[in-house]
>>> print(open('coords17.txt').read())   # compact mmCIF, C-alpha atoms
# COMPACT_ATOMS: atom_id res chain seq x y z
CA MET Y 1 68.06 20.87 66.10
CA ARG Y 2 70.92 18.65 64.99
CA ILE Y 3 72.38 18.30 68.46
CA LEU Y 4 69.02 17.85 70.17
CA ILE Y 5 68.20 15.04 67.78
CA TYR Y 6 71.25 13.06 68.83
CA VAL Y 7 70.48 13.37 72.56
CA PRO Y 8 68.14 10.31 72.68
CA LEU Y 9 70.80 8.25 70.90
CA ALA Y 10 73.45 9.33 73.43
CA VAL Y 11 71.05 8.57 76.29
CA SER Y 12 70.50 5.07 74.81
CA VAL Y 13 74.22 4.40 75.18
CA LEU Y 14 74.19 5.77 78.71
CA ALA Y 15 71.19 3.59 79.58
CA ALA Y 16 72.93 0.51 78.19
CA VAL Y 17 75.92 1.14 80.44
CA GLY Y 18 73.86 2.10 83.49
CA ALA Y 19 71.17 -0.60 83.33
CA TRP Y 20 72.96 -3.32 85.32
CA PRO Y 21 74.41 -1.07 88.04
CA LEU Y 22 70.90 0.35 88.58
CA ALA Y 23 69.32 -3.12 88.56
CA GLU Y 24 71.66 -4.23 91.32
CA ARG Y 25 71.59 -1.11 93.50
CA LEU Y 26 67.94 -0.03 93.51
CA PRO Y 27 65.18 -2.00 95.29
CA PRO Y 28 63.88 -4.47 92.67
CA ARG Y 29 60.38 -3.01 92.39
CA THR Y 30 61.73 0.53 91.85
CA ALA Y 31 64.38 -0.75 89.44
CA THR Y 32 61.79 -2.63 87.38
CA TRP Y 33 59.52 0.39 87.04
CA LEU Y 34 62.38 2.79 86.38
CA LEU Y 35 64.12 0.62 83.77
CA THR Y 36 60.89 -0.28 81.97
CA VAL Y 37 59.56 3.27 81.79
CA SER Y 38 63.02 4.55 80.76
CA ALA Y 39 63.28 1.91 78.03
CA VAL Y 40 59.89 2.88 76.60
CA ILE Y 41 60.68 6.61 76.68
CA ILE Y 42 64.18 6.21 75.22
CA ALA Y 43 62.96 3.85 72.49
CA GLY Y 44 60.14 6.25 71.65
CA THR Y 45 62.31 9.36 71.56
CA SER Y 46 65.23 7.75 69.71
CA GLY Y 47 62.74 6.43 67.14
CA ALA Y 48 61.24 9.90 66.88
CA ALA Y 49 64.75 11.39 66.46
CA LEU Y 50 65.45 9.11 63.52
CA GLY Y 51 62.06 9.98 62.07
CA LEU Y 52 62.81 13.72 62.40
CA LEU Y 53 66.21 13.35 60.73
CA ALA Y 54 64.56 11.45 57.88
CA MET Y 55 61.82 14.06 57.52
CA ALA Y 56 64.28 16.93 57.53
CA ALA Y 57 66.19 15.24 54.72
CA ALA Y 58 62.98 14.42 52.83
CA MET Y 59 62.13 18.12 52.76
CA ARG Y 60 65.15 18.63 50.51
CA LEU Y 61 63.53 16.47 47.85
CA PRO Y 62 61.86 18.76 45.29
CA VAL Y 63 58.67 16.62 45.27
CA VAL Y 64 58.22 16.83 49.04
CA ALA Y 65 59.06 20.52 49.16
CA ALA Y 66 56.52 21.20 46.42
CA MET Y 67 53.84 19.15 48.18
CA GLY Y 68 54.41 20.95 51.46
CA GLY Y 69 54.48 24.29 49.70
CA MET Y 70 58.03 25.00 50.95
CA SER Y 71 60.88 26.89 49.43
CA LEU Y 72 63.57 24.37 48.56
CA ARG Y 73 66.27 27.04 48.75
CA THR Y 74 65.24 28.11 52.26
CA VAL Y 75 65.19 24.51 53.50
CA GLY Y 76 68.70 24.01 52.17
CA GLN Y 77 69.86 27.17 53.92
CA ILE Y 78 68.41 26.43 57.35
CA ASP Y 79 69.12 22.74 57.54
CA PRO Y 80 72.63 21.75 56.49
CA ASP Y 81 71.94 18.01 56.94
CA THR Y 82 73.02 16.05 53.93
CA LEU Y 83 70.85 13.55 52.14
CA PRO Y 84 72.99 10.50 53.10
CA VAL Y 85 72.31 11.17 56.80
CA GLY Y 86 68.62 11.29 55.99
CA VAL Y 87 68.75 8.03 54.04
CA ILE Y 88 70.55 6.27 56.91
CA ALA Y 89 68.09 7.71 59.45
CA ALA Y 90 65.13 6.68 57.30
CA SER Y 91 66.37 3.09 56.94
CA LEU Y 92 67.10 2.82 60.68
CA PHE Y 93 63.66 4.27 61.44
CA GLY Y 94 61.99 1.77 59.09
CA ALA Y 95 63.95 -1.12 60.60
CA ALA Y 96 63.05 -0.02 64.15
CA VAL Y 97 59.34 0.15 63.34
CA LEU Y 98 59.40 -3.25 61.61
CA CYS Y 99 61.36 -4.90 64.43
CA ALA Y 100 59.03 -3.43 67.07
CA LEU Y 101 55.96 -4.62 65.19
CA ARG Y 102 57.45 -8.09 64.78
CA ALA Y 103 58.36 -8.28 68.47
CA ALA Y 104 54.88 -7.11 69.48
CA TRP Y 105 53.28 -9.71 67.22
CA LEU Y 106 55.48 -12.58 68.46
CA ARG Y 107 54.96 -11.64 72.10
CA THR Y 108 51.20 -11.29 71.72
CA MET Y 109 50.89 -14.64 69.96
CA ALA Y 110 53.10 -16.26 72.62
CA LEU Y 111 50.96 -14.80 75.42
CA ILE Y 112 47.74 -15.95 73.77
CA GLY Y 113 49.20 -19.39 73.06
CA ALA Y 114 50.60 -19.82 76.57
CA HIS Y 115 47.28 -18.75 78.06
CA ARG Y 116 45.35 -21.24 75.89
CA ASP Y 117 47.73 -24.08 76.70
CA ALA Y 118 47.59 -23.25 80.40
CA ARG Y 119 43.79 -23.41 80.33
CA GLY Y 120 43.97 -26.73 78.49
CA LEU Y 121 46.37 -28.11 81.06
CA ALA Y 122 45.04 -26.58 84.25
CA GLY Y 123 41.41 -25.59 83.64
CA ASP Y 124 40.49 -23.19 86.40
CA ARG Y 125 43.12 -24.41 88.83
CA GLN Y 126 45.84 -21.96 89.75
CA VAL Y 127 48.56 -24.48 90.48
CA VAL Y 128 49.24 -27.62 88.44
CA VAL Y 129 51.66 -30.38 89.34
CA ILE Y 130 52.97 -32.44 86.42
CA ALA Y 131 54.35 -35.92 86.92
CA ASP Y 132 57.86 -35.31 85.61
CA GLU Y 133 61.09 -36.21 87.32
CA SER Y 134 62.93 -33.19 85.93
CA ALA Y 135 62.88 -30.22 88.33
CA ASP Y 136 61.09 -27.23 86.84
CA ALA Y 137 58.61 -24.55 87.90
CA TYR Y 138 57.17 -21.56 86.07
CA ALA Y 139 54.22 -19.20 85.95
CA VAL Y 140 52.21 -18.80 82.76
CA PRO Y 141 50.95 -15.22 82.40
CA GLY Y 142 47.24 -14.65 82.12
CA ARG Y 143 44.32 -12.97 83.82
CA ARG Y 144 44.87 -15.05 86.93
CA GLY Y 145 48.04 -16.80 85.93
CA THR Y 146 48.77 -20.51 86.14
CA ILE Y 147 51.67 -21.96 88.10
CA VAL Y 148 53.17 -25.18 86.78
CA VAL Y 149 55.43 -27.27 89.03
CA THR Y 150 56.91 -30.68 88.27
CA SER Y 151 56.80 -33.46 90.84
CA GLY Y 152 60.61 -33.56 90.57
CA MET Y 153 60.82 -29.95 91.79
CA LEU Y 154 58.42 -30.57 94.69
CA GLU Y 155 60.47 -33.56 95.84
CA ALA Y 156 63.66 -31.49 95.86
CA LEU Y 157 62.23 -28.88 98.26
CA THR Y 158 61.12 -28.94 101.89
CA GLU Y 159 57.60 -27.83 102.80
CA PRO Y 160 58.60 -24.22 103.75
CA GLU Y 161 60.74 -24.00 100.59
CA ARG Y 162 57.72 -24.98 98.48
CA ASP Y 163 55.87 -22.05 100.05
CA VAL Y 164 58.68 -19.79 98.85
CA LEU Y 165 58.36 -21.17 95.33
CA LEU Y 166 54.59 -20.61 95.25
CA ALA Y 167 54.87 -17.13 96.77
CA HIS Y 168 57.54 -16.23 94.20
CA GLU Y 169 55.46 -17.38 91.23
CA GLN Y 170 52.30 -15.79 92.65
CA ALA Y 171 54.20 -12.50 92.96
CA HIS Y 172 55.02 -12.72 89.22
CA THR Y 173 51.38 -13.17 88.24
CA ALA Y 174 49.90 -10.76 90.79
CA ALA Y 175 52.25 -7.89 89.82
CA ARG Y 176 51.88 -8.72 86.08
CA HIS Y 177 55.59 -8.96 85.52
CA TYR Y 178 55.01 -10.22 82.00
CA LEU Y 179 53.85 -6.72 81.01
CA PHE Y 180 57.16 -5.20 82.17
CA THR Y 181 59.28 -7.79 80.37
CA ALA Y 182 57.14 -7.50 77.22
CA LEU Y 183 57.39 -3.68 77.15
CA VAL Y 184 61.13 -3.61 77.70
CA ARG Y 185 61.70 -6.33 75.05
CA LEU Y 186 59.61 -4.33 72.63
CA SER Y 187 61.70 -1.23 73.32
CA ALA Y 188 64.90 -3.24 72.83
CA ALA Y 189 63.56 -4.58 69.53
CA ALA Y 190 63.03 -1.01 68.29
CA ASN Y 191 66.38 0.20 69.66
CA PRO Y 192 68.98 -2.59 70.00
CA LEU Y 193 71.13 -0.35 72.24
CA LEU Y 194 68.51 -0.97 74.93
CA ARG Y 195 69.09 -4.75 75.07
CA PRO Y 196 70.95 -4.56 78.41
CA LEU Y 197 67.79 -2.95 79.86
CA ALA Y 198 65.74 -5.94 78.72
CA SER Y 199 68.03 -8.46 80.41
CA ALA Y 200 68.32 -6.22 83.50
CA VAL Y 201 64.51 -6.12 83.84
CA GLY Y 202 64.45 -9.91 83.41
CA TYR Y 203 66.66 -9.98 86.52
CA THR Y 204 64.84 -7.29 88.53
CA VAL Y 205 61.42 -8.98 88.18
CA GLU Y 206 62.98 -12.16 89.60
CA ARG Y 207 64.44 -10.15 92.47
CA TRP Y 208 61.05 -8.45 92.99
CA ALA Y 209 59.34 -11.84 93.25
CA ASP Y 210 62.13 -13.10 95.54
CA GLU Y 211 61.73 -10.19 97.96
CA ARG Y 212 57.95 -10.62 97.89
CA ALA Y 213 58.33 -14.35 98.67
CA ALA Y 214 60.64 -13.46 101.56
CA VAL Y 215 57.98 -11.11 102.96
CA VAL Y 216 55.17 -13.66 102.52
CA THR Y 217 57.11 -16.51 104.12
CA GLY Y 218 58.69 -14.21 106.69
CA SER Y 219 62.32 -15.22 106.18
CA ARG Y 220 64.96 -14.00 103.75
CA PRO Y 221 67.41 -16.87 104.54
CA LEU Y 222 64.61 -19.38 103.86
CA ALA Y 223 63.85 -17.74 100.52
CA ALA Y 224 67.58 -17.81 99.66
CA ARG Y 225 67.82 -21.53 100.50
CA ALA Y 226 64.70 -22.36 98.48
CA ILE Y 227 66.09 -20.68 95.34
CA ALA Y 228 69.51 -22.27 95.76
CA ASN Y 229 68.07 -25.75 96.30
CA ALA Y 230 65.63 -25.39 93.40
CA ALA Y 231 68.46 -24.29 91.09
CA LEU Y 232 70.69 -27.19 92.16
CA ALA Y 233 67.80 -29.62 91.64
CA ALA Y 234 67.12 -28.16 88.20
CA ALA Y 235 70.82 -28.52 87.35
CA ALA Y 236 70.82 -32.16 88.52
CA HIS Y 237 67.55 -33.02 86.71
CA PRO Y 238 67.37 -30.45 83.91
CA PRO Y 239 64.03 -29.82 82.23
CA ARG Y 240 64.03 -30.60 78.52
CA ARG Y 241 64.38 -27.35 76.68
CA THR Y 242 64.45 -26.22 73.10
CA GLY Y 243 67.41 -24.53 71.45
CA GLY Y 244 65.82 -21.12 71.84
CA SER Y 245 65.37 -21.46 75.56
CA VAL Y 246 68.93 -22.62 76.11
CA LEU Y 247 69.98 -19.38 74.46
CA ALA Y 248 67.51 -17.50 76.65
CA SER Y 249 68.93 -18.96 79.84
CA LEU Y 250 72.45 -18.12 78.71
CA ALA Y 251 71.34 -14.60 77.84
CA GLY Y 252 70.12 -14.27 81.40
CA SER Y 253 73.58 -14.75 82.78
CA ASP Y 254 75.82 -13.15 80.16
CA GLN Y 255 75.50 -9.64 81.57
CA LEU Y 256 76.37 -10.70 85.07
CA GLY Y 257 80.01 -11.41 84.49
CA ARG Y 258 81.50 -14.01 86.76
CA ARG Y 259 78.31 -14.90 88.61
CA GLY Y 260 75.01 -16.04 87.05
CA SER Y 261 71.61 -14.66 87.99
CA VAL Y 262 70.74 -17.40 90.53
CA PRO Y 263 73.83 -16.91 92.77
CA ARG Y 264 73.21 -13.15 92.65
CA ARG Y 265 69.60 -13.59 93.74
CA VAL Y 266 70.63 -15.91 96.56
CA GLY Y 267 73.40 -13.54 97.61
CA ALA Y 268 70.99 -10.58 97.63
CA LEU Y 269 68.59 -12.45 99.91
CA MET Y 270 71.38 -13.49 102.25
CA GLY Y 271 72.43 -9.86 102.64
CA PRO Y 272 70.39 -7.04 104.18
CA PRO Y 273 67.13 -5.91 102.48
CA PRO Y 274 67.67 -3.41 99.64
CA LYS Y 275 67.79 0.27 100.63
CA ARG Y 276 66.10 3.16 98.89
CA ARG Y 277 68.53 5.30 96.94
CA ILE Y 278 66.81 8.57 96.23
CA VAL Y 279 69.83 10.31 94.61
CA LEU Y 280 70.37 7.50 92.13
CA LEU Y 281 66.67 7.40 91.32
CA VAL Y 282 66.37 11.15 90.79
CA ALA Y 283 69.55 11.25 88.67
CA THR Y 284 68.21 8.54 86.35
CA ILE Y 285 64.81 10.16 86.02
CA GLY Y 286 66.62 13.43 85.21
CA VAL Y 287 68.64 11.88 82.37
CA VAL Y 288 65.56 10.25 80.85
CA ALA Y 289 63.62 13.51 81.17
CA VAL Y 290 66.39 15.38 79.28
CA CYS Y 291 65.96 12.81 76.54
CA GLY Y 292 62.21 13.47 76.31
CA VAL Y 293 62.61 17.26 76.41
CA ALA Y 294 65.28 17.14 73.68
CA ALA Y 295 63.02 15.13 71.40
CA VAL Y 296 60.09 17.50 71.93
CA HIS Y 297 62.34 20.50 71.22
CA ALA Y 298 63.76 18.89 68.09
CA ALA Y 299 60.23 18.24 66.83
CA GLY Y 300 59.36 21.87 67.57
CA ASP Y 301 62.43 23.04 65.65
CA LEU Y 302 61.51 20.96 62.63
CA HIS Y 303 57.99 22.33 62.72
CA ALA Y 304 59.33 25.90 62.88
CA MET Y 305 61.62 25.17 59.95
CA VAL Y 306 58.70 23.88 57.86
CA GLU Y 307 56.69 27.01 58.61
CA PHE Y 308 59.64 29.25 57.80
CA ALA Y 309 60.25 27.50 54.51
CA GLN Y 310 56.54 27.69 53.67
CA ALA Y 311 56.52 31.40 54.37
CA ALA Y 312 59.54 31.86 52.09
CA THR Y 313 57.77 30.60 48.96
CA MET E 1 40.12 -23.82 66.10
CA GLY E 2 40.34 -21.47 63.11
CA GLN E 3 44.09 -21.28 63.26
CA GLU E 4 44.49 -25.05 63.03
CA ASP E 5 42.17 -25.23 60.01
CA ASP E 6 44.23 -22.56 58.41
CA ARG E 7 47.35 -24.58 58.99
CA THR E 8 45.89 -27.66 57.30
CA ALA E 9 44.73 -25.50 54.44
CA ARG E 10 48.23 -24.23 53.88
CA ALA E 11 49.60 -27.77 54.04
CA GLY E 12 50.97 -27.32 50.55
CA SER E 13 54.47 -27.28 49.22
CA ARG E 14 56.26 -24.77 51.42
CA ARG E 15 55.58 -24.80 55.13
CA ALA E 16 57.53 -23.53 58.07
CA ALA E 17 59.45 -26.17 60.01
CA GLY E 18 57.31 -25.62 63.11
CA GLU E 19 54.10 -26.28 61.20
CA LEU E 20 55.53 -29.42 59.61
CA GLU E 21 56.54 -30.68 63.05
CA ALA E 22 53.05 -30.02 64.36
CA ALA E 23 51.49 -31.77 61.37
CA ALA E 24 53.81 -34.79 61.66
CA LEU E 25 53.05 -35.04 65.37
CA ALA E 26 49.32 -34.89 64.67
CA VAL E 27 49.63 -37.73 62.14
CA LEU E 28 51.51 -39.89 64.65
CA GLN E 29 49.07 -39.12 67.45
CA SER E 30 46.07 -40.16 65.39
CA ALA E 31 47.81 -43.24 63.94
CA GLY E 32 47.64 -45.40 67.07
CA SER E 33 50.76 -47.36 66.06
CA ALA E 34 54.38 -46.64 65.25
CA LEU E 35 54.90 -45.20 61.77
CA THR E 36 57.94 -45.11 59.51
CA PRO E 37 58.98 -41.84 57.86
CA ALA E 38 57.57 -43.11 54.53
CA GLN E 39 54.15 -43.72 56.14
CA VAL E 40 54.22 -40.30 57.78
CA ARG E 41 55.08 -38.72 54.44
CA ASP E 42 52.12 -40.47 52.75
CA SER E 43 49.73 -39.25 55.47
CA LEU E 44 51.06 -35.70 55.28
CA GLY E 45 50.46 -35.59 51.52
CA GLY E 46 51.94 -32.80 49.50
CA ASP E 47 55.29 -33.12 47.79
CA LEU E 48 57.53 -33.49 50.82
CA ALA E 49 60.94 -35.06 50.31
CA TYR E 50 61.60 -38.26 52.26
CA THR E 51 64.68 -36.67 53.81
CA THR E 52 62.61 -33.70 55.01
CA VAL E 53 60.26 -36.05 56.87
CA VAL E 54 63.22 -37.93 58.38
CA THR E 55 64.68 -34.60 59.53
CA ILE E 56 61.39 -33.51 61.11
CA LEU E 57 60.93 -36.81 62.92
CA SER E 58 64.48 -36.92 64.26
CA ARG E 59 64.15 -33.32 65.43
CA LEU E 60 60.94 -34.20 67.32
CA HIS E 61 62.73 -37.21 68.76
CA ALA E 62 65.60 -35.01 69.93
CA LYS E 63 63.06 -32.76 71.66
CA GLY E 64 61.68 -35.75 73.57
CA VAL E 65 58.27 -35.61 71.90
CA LEU E 66 58.68 -38.90 70.01
CA THR E 67 60.17 -42.26 70.88
CA ARG E 68 61.62 -44.44 68.12
CA LEU E 69 62.12 -48.12 67.54
CA ARG E 70 64.48 -49.83 65.12
CA SER E 71 62.49 -51.01 62.15
CA GLY E 72 64.44 -52.62 59.30
CA ARG E 73 67.22 -50.27 58.26
CA GLY E 74 65.56 -47.16 59.73
CA TYR E 75 63.30 -46.24 62.63
CA SER E 76 59.58 -46.09 63.28
CA TYR E 77 58.20 -43.37 65.54
CA THR E 78 55.47 -43.05 68.18
CA PRO E 79 54.50 -40.02 70.25
CA VAL E 80 55.52 -40.00 73.91
CA ALA E 81 52.40 -41.19 75.73
CA ASP E 82 51.94 -38.88 78.71
CA GLU E 83 49.34 -36.24 77.87
CA PRO E 84 50.08 -33.71 80.66
CA GLY E 85 53.80 -34.01 79.98
CA LEU E 86 53.20 -33.35 76.32
CA ALA E 87 50.96 -30.40 77.06
CA ALA E 88 53.60 -29.00 79.39
CA ARG E 89 56.32 -29.40 76.77
CA ARG E 90 54.07 -27.74 74.22
CA MET E 91 53.72 -24.88 76.66
CA ARG E 92 57.48 -24.51 76.78
CA GLY E 93 57.35 -23.84 73.08
CA VAL E 94 58.64 -27.17 71.81
CA LEU E 95 56.99 -26.85 68.44
CA ASP E 96 57.77 -23.25 67.74
CA ALA E 97 61.27 -22.11 68.58
CA GLU E 98 60.68 -18.91 66.58
CA SER E 99 58.03 -17.70 69.02
CA ASP E 100 58.49 -15.99 72.36
CA ARG E 101 56.74 -18.90 74.05
CA GLU E 102 59.63 -19.70 76.37
CA ALA E 103 60.22 -16.04 77.20
CA VAL E 104 56.70 -15.39 78.51
CA LEU E 105 57.03 -18.11 81.15
CA ALA E 106 58.27 -16.77 84.48
CA ARG E 107 60.62 -19.59 85.48
CA PHE E 108 61.55 -19.98 89.15
CA VAL E 109 65.24 -20.64 88.46
CA SER E 110 67.26 -20.19 85.28
CA GLY E 111 70.15 -22.36 84.16
CA LEU E 112 73.33 -22.73 86.19
CA SER E 113 76.85 -22.80 84.85
CA PRO E 114 79.21 -25.28 86.56
CA ALA E 115 80.90 -22.30 88.27
CA ASP E 116 77.51 -21.02 89.53
CA GLU E 117 76.79 -24.45 90.95
CA GLN E 118 79.97 -24.35 93.04
CA VAL E 119 79.24 -20.81 94.22
CA LEU E 120 75.74 -21.87 95.27
CA ARG E 121 76.97 -24.89 97.21
CA ARG E 122 79.46 -22.66 99.05
CA MET E 123 76.71 -20.13 99.81
CA LEU E 124 74.44 -22.85 101.25
CA ALA E 125 77.26 -24.02 103.50
CA GLU E 126 77.92 -20.51 104.87
CA PRO E 127 76.17 -19.34 108.05
CA PRO E 128 73.54 -16.71 107.21
CA ASP E 129 74.30 -12.99 107.61
CA PRO E 130 72.91 -11.79 110.98
CA ASP E 131 71.49 -8.63 109.31
CA ALA E 132 69.56 -10.65 106.76
CA GLY E 133 66.53 -11.76 108.84
>>> encode(input="coords17.txt", output="structure tokens")
Amino acid sequence: MRILIYVPLAVSVLAAVGAWPLAERLPPRTATWLLTVSAVIIAGTSGAALGLLAMAAAMRLPVVAAMGGMSLRTVGQIDPDTLPVGVIAASLFGAAVLCALRAAWLRTMALIGAHRDARGLAGDRQVVVIADESADAYAVPGRRGTIVVTSGMLEALTEPERDVLLAHEQAHTAARHYLFTALVRLSAAANPLLRPLASAVGYTVERWADERAAVVTGSRPLAARAIANAALAAAAHPPRRTGGSVLASLAGSDQLGRRGSVPRRVGALMGPPPKRRIVLLVATIGVVAVCGVAAVHAAGDLHAMVEFAQAAT
Amino acid sequence: MGQEDDRTARAGSRRAAGELEAAALAVLQSAGSALTPAQVRDSLGGDLAYTTVVTILSRLHAKGVLTRLRSGRGYSYTPVADEPGLAARRMRGVLDAESDREAVLARFVSGLSPADEQVLRRMLAEPPDPDAG
């Protein structure tokens, strides 16, 4: 049981190391699904592992043993875990639950607020142009999604490049990318080891929308130029941002080493379309599956131990 | 909306910075003329320190939500006029840095470092890869 319980924690470390290589090698849609589902499973199982460790330790408390009708001596014999490990596991488990709840609450309120503001600004229109000389464009998540573009951004782009921008933002809303980013952030809040997965998914949804825009407009070089020109315009006429968002934009590039996310996206579009990589995909799914199986086994072991200790009274 | 009412109801001694900013902005928007920090403090009520109000107003000014004019030894403040611009800035989470407001927006392009900018200019100058079409 002890070893099985630590498997999800080991897999978290592996996922943190592997997230960016996967994000860059797999086709963006596959990478987004894979990383998001993996993050949720790993966060769930590593949380469960901490919970199991805490429960196993709690059974050594006379009160708990008495309540569960278990033999304290038998519990001590089967499970050599010491109380300090249990206390640490319990505090980490509590912190993970609290952080996940807080993240879920903040994200939900932000989504509701953004949706309300978008309705106030745009009504039923899908695209809104704001008179603002700074160059900025973004999609607000919602049932249909609202796309906000500044006049400064429109002026910086040619007509075909504007089509790329709209196709990119429409891809975000149509494929509900905000659900992926929200889920992976939530997982990273519960298990901070998974933070690289959250930033990697932030990148893969952009790549997904880029590839979609290239398909819609029919040209990958055009899509590459549109992104590059939009980024240069935004750098020349930066949108006013709050402290938090400056941090967010830095966080987007920190994992990428020497190149930021925009040059990588442009470079990816200038190269050949992404290839399927079945081996890589299957290997990753395998590792995450091991994690799930280990957690289920560990839970089974704990259950067996409880029954054994109950029978011993 | 219920939430707003709730905010006014809690307009007591201890309020989060974001709520104070929202309240101060609301006062200035309904005032119709430029107000000094002392006037804003009187309208806000409660037991706010003068320095707190000055801090809130200068923070809002730094965010581009307020403009200020010299008035005596200090400043007087008015909200930036353009309604859509203000709504858009609100959407970017101007008043609530604690929230995930910025993170839920799917922005077309993120920030560029000076090095990124050079890389991009070089990439635009290069002929496209023949395999890329």
>>> interface_residues(input="coords17.txt", of="chain Y", to="chain E", cutoff="7 Å", atoms="all atoms listed in the file", output="MDAnalysis selection string")
chainID Y and resid 106:107 110:111 114 117 121 130 137:141 169 178 219:221 225 227:228 230:232 235 242 244:245 249 259:260 262:263 270:273
>>> write_last_selection(input="coords17.txt", atoms="C-alpha atoms", output="PDB file, keeping the file's coordinate frame")
ATOM      1  CA  LEU Y 106      55.480 -12.580  68.460  1.00  0.00           C
ATOM      2  CA  ARG Y 107      54.960 -11.640  72.100  1.00  0.00           C
ATOM      3  CA  ALA Y 110      53.100 -16.260  72.620  1.00  0.00           C
ATOM      4  CA  LEU Y 111      50.960 -14.800  75.420  1.00  0.00           C
ATOM      5  CA  ALA Y 114      50.600 -19.820  76.570  1.00  0.00           C
ATOM      6  CA  ASP Y 117      47.730 -24.080  76.700  1.00  0.00           C
ATOM      7  CA  LEU Y 121      46.370 -28.110  81.060  1.00  0.00           C
ATOM      8  CA  ILE Y 130      52.970 -32.440  86.420  1.00  0.00           C
ATOM      9  CA  ALA Y 137      58.610 -24.550  87.900  1.00  0.00           C
ATOM     10  CA  TYR Y 138      57.170 -21.560  86.070  1.00  0.00           C
ATOM     11  CA  ALA Y 139      54.220 -19.200  85.950  1.00  0.00           C
ATOM     12  CA  VAL Y 140      52.210 -18.800  82.760  1.00  0.00           C
ATOM     13  CA  PRO Y 141      50.950 -15.220  82.400  1.00  0.00           C
ATOM     14  CA  GLU Y 169      55.460 -17.380  91.230  1.00  0.00           C
ATOM     15  CA  TYR Y 178      55.010 -10.220  82.000  1.00  0.00           C
ATOM     16  CA  SER Y 219      62.320 -15.220 106.180  1.00  0.00           C
ATOM     17  CA  ARG Y 220      64.960 -14.000 103.750  1.00  0.00           C
ATOM     18  CA  PRO Y 221      67.410 -16.870 104.540  1.00  0.00           C
ATOM     19  CA  ARG Y 225      67.820 -21.530 100.500  1.00  0.00           C
ATOM     20  CA  ILE Y 227      66.090 -20.680  95.340  1.00  0.00           C
ATOM     21  CA  ALA Y 228      69.510 -22.270  95.760  1.00  0.00           C
ATOM     22  CA  ALA Y 230      65.630 -25.390  93.400  1.00  0.00           C
ATOM     23  CA  ALA Y 231      68.460 -24.290  91.090  1.00  0.00           C
ATOM     24  CA  LEU Y 232      70.690 -27.190  92.160  1.00  0.00           C
ATOM     25  CA  ALA Y 235      70.820 -28.520  87.350  1.00  0.00           C
ATOM     26  CA  THR Y 242      64.450 -26.220  73.100  1.00  0.00           C
ATOM     27  CA  GLY Y 244      65.820 -21.120  71.840  1.00  0.00           C
ATOM     28  CA  SER Y 245      65.370 -21.460  75.560  1.00  0.00           C
ATOM     29  CA  SER Y 249      68.930 -18.960  79.840  1.00  0.00           C
ATOM     30  CA  ARG Y 259      78.310 -14.900  88.610  1.00  0.00           C
ATOM     31  CA  GLY Y 260      75.010 -16.040  87.050  1.00  0.00           C
ATOM     32  CA  VAL Y 262      70.740 -17.400  90.530  1.00  0.00           C
ATOM     33  CA  PRO Y 263      73.830 -16.910  92.770  1.00  0.00           C
ATOM     34  CA  MET Y 270      71.380 -13.490 102.250  1.00  0.00           C
ATOM     35  CA  GLY Y 271      72.430  -9.860 102.640  1.00  0.00           C
ATOM     36  CA  PRO Y 272      70.390  -7.040 104.180  1.00  0.00           C
ATOM     37  CA  PRO Y 273      67.130  -5.910 102.480  1.00  0.00           C
TER      38      PRO Y 273
END
>>> closest_residue(input="coords17.txt", among="E:Leu25, E:Ala34, E:Arg41, E:Asp47", to="Arg68 of chain E", atoms="all atoms listed in the file")
E:Ala34
>>> residues_around(input="coords17.txt", residues="Ala100 of chain Y", least_positions_apart="3", cutoff="9 Å", atoms="all atoms listed in the file", output="NGL selection string")
:Y and (95-97 or 103-105 or 185-191)
>>> atom_distance(input="coords17.txt", atom1="atom CA of Gly300 of chain Y", atom2="atom CA of Ser91 of chain Y")
22.7 Å
>>> atom_distance(input="coords17.txt", atom1="atom CA of Leu4 of chain Y", atom2="atom CA of Leu197 of chain Y")
23.0 Å
>>> residues_around(input="coords17.txt", residues="Leu61 of chain Y", least_positions_apart="3", cutoff="10 Å", atoms="only C-alpha atoms", output="list in words")
Ala56, Ala57, Ala58, Val64, Ala65, Ala66, Leu72, Val75 and Leu83 of chain Y
>>> closest_residue(input="coords17.txt", among="Y:Val13, Y:Ala268, Y:Ala48, Y:Ile88", to="Arg25 of chain Y", atoms="all atoms listed in the file")
Y:Ala268
>>> atom_distance(input="coords17.txt", atom1="atom CA of Thr67 of chain E", atom2="atom CA of Leu154 of chain Y")
26.6 Å
>>> residues_around(input="coords17.txt", residues="Ser33 of chain E", least_positions_apart="4", cutoff="10 Å", atoms="all atoms listed in the file", output="number ranges by chain")
E: 28-29, 76-79
>>> residues_around(input="coords17.txt", residues="Pro28 of chain Y", least_positions_apart="2", cutoff="6 Å", atoms="all atoms listed in the file", output="PDB file with C-alpha atoms, in the frame of the given file")
ATOM      1  CA  THR Y  30      61.730   0.530  91.850  1.00  0.00           C
ATOM      2  CA  ALA Y  31      64.380  -0.750  89.440  1.00  0.00           C
ATOM      3  CA  THR Y  32      61.790  -2.630  87.380  1.00  0.00           C
ATOM      4  CA  THR Y 204      64.840  -7.290  88.530  1.00  0.00           C
ATOM      5  CA  ARG Y 207      64.440 -10.150  92.470  1.00  0.00           C
ATOM      6  CA  TRP Y 208      61.050  -8.450  92.990  1.00  0.00           C
TER       7      TRP Y 208
END
>>> residues_around(input="coords17.txt", residues="Val37 of chain Y", least_positions_apart="2", cutoff="12 Å", atoms="only C-alpha atoms", output="PyMOL selection string")
chain Y and resi 15+30-35+39-44+179-187+197-198+201+284-285+288-289+292
